[in-house]
Structures are given as structure tokens and as C-alpha cells.
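**Q** Just passing along the structure, written as C-alpha cells.
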Number of protein chains: 2
Amino acid sequence: MTSTAATSRDLPHPVRDEIRLEAVLHALSEPLRLQIVRELCAEADELACSYFDLPVTKSTTTHHFRVLRESGVIRQVYRGTAKMNAVRRDDLDELFPGLLDSLLAAADRQAARLGAGG
Amino acid sequence: MTSTAATSRDLPHPVRDEIRLEAVLHALSEPLRLQIVRELCAEADELACSYFDLPVTKSTTTHHFRVLRESGVIRQVYRGTAKMNAVRRDDLDELFPGLLDSLLAAADRQAARLGAGG
DNA sequence: TCACTCGTACGATAGTCATCGTAGTACGGC
DNA sequence: GCCGTACTACGATGACTATCGTACGAGTGA
């Protein structure tokens, strides 16, 4: 094949204008999903679903990634057998400037506060 | 009685350190509750529950205000028969600097975008 | 072709949630 | 004391959700 086709399979994503703040907040209100997004942003690169060692089964993992994708928080694309995930930072920053950074900062701050047990 | 007691009834609130980001996001992921918080911030003053003209029954209104209170987003206090509501801006700003402003800005932006239909 | 890995689809289940109606409590004014 | 207003508590209900297990599909490499 000629170019950038990931594979044959395509996944449905909301276009930028279909992303809703409420859906984004709902997606991020789940601890596991918030953690996934934090790691995705920390790595600043595409990560496979299997990269994450989550305390749930594969079925549940699939579910959480789908919620993130359908809410517009992440973009998913197949590369071989792996499904790669990346935060839709450009779209989110365009729609809600500064929101993602504030959310990540808030999550970091809380993690530091709760983790350190101060 | 001597001073500032609102009335006899007191309502349970989480203290600052008990406020969790996930709970805040969950509370604000509901359109009605997000709207309530937006109005509370816009008025910059305490507002009674009855101020809001919500398309749900009083029971449901009570439920939504309780979720906001128990997540730490708002503070509620009785004044006579009225229950006054105010956003806990100081606590939220201390815990998650800039988050509330980003969320409100995002909500405003989305409202303008969807309302204007541009 | 065969096996292996990664992820999906489906069905089930237990829990949470938004909603309502009704009945009840607390406060303020008459 | 009595009534009206503001809000609550309780029970019910339908919808959604997080979770799982099992069975399956799609791709990679031997």
C-alpha cells in the first residue's frame, strides 16, 4: 500500500464541533480514565492500550478507551494489532483554551497531595 | 442568640482537603448542575435554590444541589426558609488553581458557540 | 497454515443516577 | 395557633455504567 493507512479498520470519532464539555468532564470524572489521560499527556506520544497496566480486565479497558474516544478526549487508530491512543490536544485547546492544562495541573496537584500524605 | 447563626439547621460539607477532582468533574458533567454553577459565579453572590428556574421538579432540584454540595463545589446555608448557595471559589482555587476559571470559560465558550449557531 | 497477541462484541450483573410523586419538616408572618 | 413557602426525605422507576467472562476477529510472524 502507498501511504499512511493505519490498517483497514477505522474507528468513529466525533469531529471537533461535536465535542461537548459535559461529555469531556464526564469522561475525565472516572479515576481510571483520568489516569489514562494523564499518562498519555505525560508521554507526549501515542501509546497502545496494552501499555497501560490497569486493574481491570481487557473488556473493561476497551470500554474506558471507548468512552474517552467517543467523548472526543482521545484519538484512536489501529497500527497492526495494536490500537494507539493520543490525546486530541489540538482540538481540545481550540475548543476550550487552557482547560486541558488546568485539568492536568489539578490532577497532578491532587496526586502529589494525596500521594505524599502531607 | 447572639450572632451569625444562619438558623439551627446545618448541612454536611466536605472540608477542603476532602474535595476530590473526580467528584468535582462528575458534579459539573451534568448540564443542569453546570448551568447552576455558571449562574452562581455570574451573580457573585449567594442565591437561593428558588432563584433557579429549572425544568425539573423540586425533588430533582434538591438532588442536584446536594450533589454539588457533597462534591465540594458549592456551600449551602439556611437563611430562614431559604437555602442559599455559593460557589466555594476560595477552596477550589486553593486546591486547583485556575481550574474553575478554565471550566467557566470553557462553558461560556461552548454556550456562545452552540447558542449563536455560527 | 497455525499459533499467538491484541483488541472487540455480546450478554449478564450489580451498582449508580436522574427523575418523579407524595408526604413531611422548618421557618416566618398573620 | 394556623397557614403558606421553601425545601427534604423516602420510595419507586427507568436509564445508564462499570465490571466481568466467554467467544470471536484481525494482524504478525513462524
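Chain identifiers are assigned as A, B, and so on, following the order in which chains appear in the C-alpha cells; residues are numbered from 1 within each chain, and ligands are numbered from 1 in order of appearance.
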At a cut-off of 10 Å, using only C-alpha atoms (C1' of nucleotides), what residues contact region 9-26 of chain C? Leave out same-chain residues fewer than 6 positions from it and give the result as an MDAnalysis selection string.
**A** (chainID A and resid 59) or (chainID B and resid 7:9 30 56:60 63:64 80:81) or (chainID D and resid 6:25)
**Q** Using only C-alpha atoms (C1' of nucleotides), what does the table of chain B residues within 8 Å of chain D look like, with each row giving the shortest atom pair and its distance in Å to one decimal, sorted by chain and ascending number, as a tab-separated table?
**A**
```
residue	atom	partner	partner_atom	distance
B:Ser50	CA	D:DA6	C1'	7.8
B:Thr62	CA	D:DC7	C1'	7.6
B:Thr81	CA	D:DA6	C1'	5.3
B:Ala82	CA	D:DA6	C1'	5.8
B:Lys83	CA	D:DC7	C1'	7.7
```
**Q** Taking 6 positions as the minimum chain separation for residues in the same chain, which residues sit within 9 Å of region 22-29 of chain B when counting only C-alpha atoms (C1' of nucleotides)? Answer as a list of chain:residue names.
**A**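 Counting only C-alpha atoms (C1' of nucleotides), the residues come to A:Leu21, A:Glu22, A:Ala23, A:Val24, A:Leu25, A:His26, A:Ala27, A:Leu28, A:Ser29, A:Glu30, A:Pro31, A:Leu34, A:Ala107, B:Gln35, B:Val37, B:His64, B:Val67, B:Leu68, B:Glu70, B:Ser71, B:Gly72, B:Val73.
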**Q** Export, as a PDB file, in the first residue's frame, the selected residues with C-alpha atoms.
**A**
```pdb
ATOM      1  CA  LEU A  21     -17.728  19.969  27.528  1.00  0.00           C
ATOM      2  CA  GLU A  22     -20.108  17.902  29.615  1.00  0.00           C
ATOM      3  CA  ALA A  23     -19.021  14.726  27.863  1.00  0.00           C
ATOM      4  CA  VAL A  24     -15.362  15.579  28.360  1.00  0.00           C
ATOM      5  CA  LEU A  25     -15.887  16.217  32.057  1.00  0.00           C
ATOM      6  CA  HIS A  26     -17.880  13.038  32.408  1.00  0.00           C
ATOM      7  CA  ALA A  27     -15.144  11.050  30.714  1.00  0.00           C
ATOM      8  CA  LEU A  28     -12.497  12.520  32.991  1.00  0.00           C
ATOM      9  CA  SER A  29     -14.537  12.082  36.169  1.00  0.00           C
ATOM     10  CA  GLU A  30     -13.670   8.385  36.221  1.00  0.00           C
ATOM     11  CA  PRO A  31     -10.362   7.782  38.073  1.00  0.00           C
ATOM     12  CA  LEU A  34      -8.299  10.375  34.208  1.00  0.00           C
ATOM     13  CA  ALA A 107      -4.772  16.131  38.683  1.00  0.00           C
TER      14      ALA A 107
ATOM     15  CA  GLN B  35     -25.616  25.749  34.461  1.00  0.00           C
ATOM     16  CA  VAL B  37     -22.621  26.847  38.856  1.00  0.00           C
ATOM     17  CA  HIS B  64     -28.664  18.337  42.083  1.00  0.00           C
ATOM     18  CA  VAL B  67     -24.515  16.601  44.570  1.00  0.00           C
ATOM     19  CA  LEU B  68     -22.861  19.986  44.116  1.00  0.00           C
ATOM     20  CA  GLU B  70     -21.258  16.964  48.615  1.00  0.00           C
ATOM     21  CA  SER B  71     -18.646  17.235  45.874  1.00  0.00           C
ATOM     22  CA  GLY B  72     -17.410  20.465  47.410  1.00  0.00           C
ATOM     23  CA  VAL B  73     -18.366  22.743  44.541  1.00  0.00           C
TER      24      VAL B  73
END
```
**Q** Run DSSP on the backbone and grab whatever in region 30-116 of chain A lands in alpha helix (DSSP H); send it over as an NGL selection string.
**A** :A and (31-43 or 58-70 or 89-95 or 99-116)
**Q** Please compute the CA of Leu54 (chain A)-CA of Asp93 (chain A) distance, one decimal, in Å.
**A**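 Value for the CA of Leu54 (chain A)-CA of Asp93 (chain A) distance: 27.4 Å.
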**Q** When the cut-off is 10 Å and we count only C-alpha atoms (C1' of nucleotides), which residues of chain C are near chain A, given as an MDAnalysis selection string?
**A** chainID C and resid 5:9
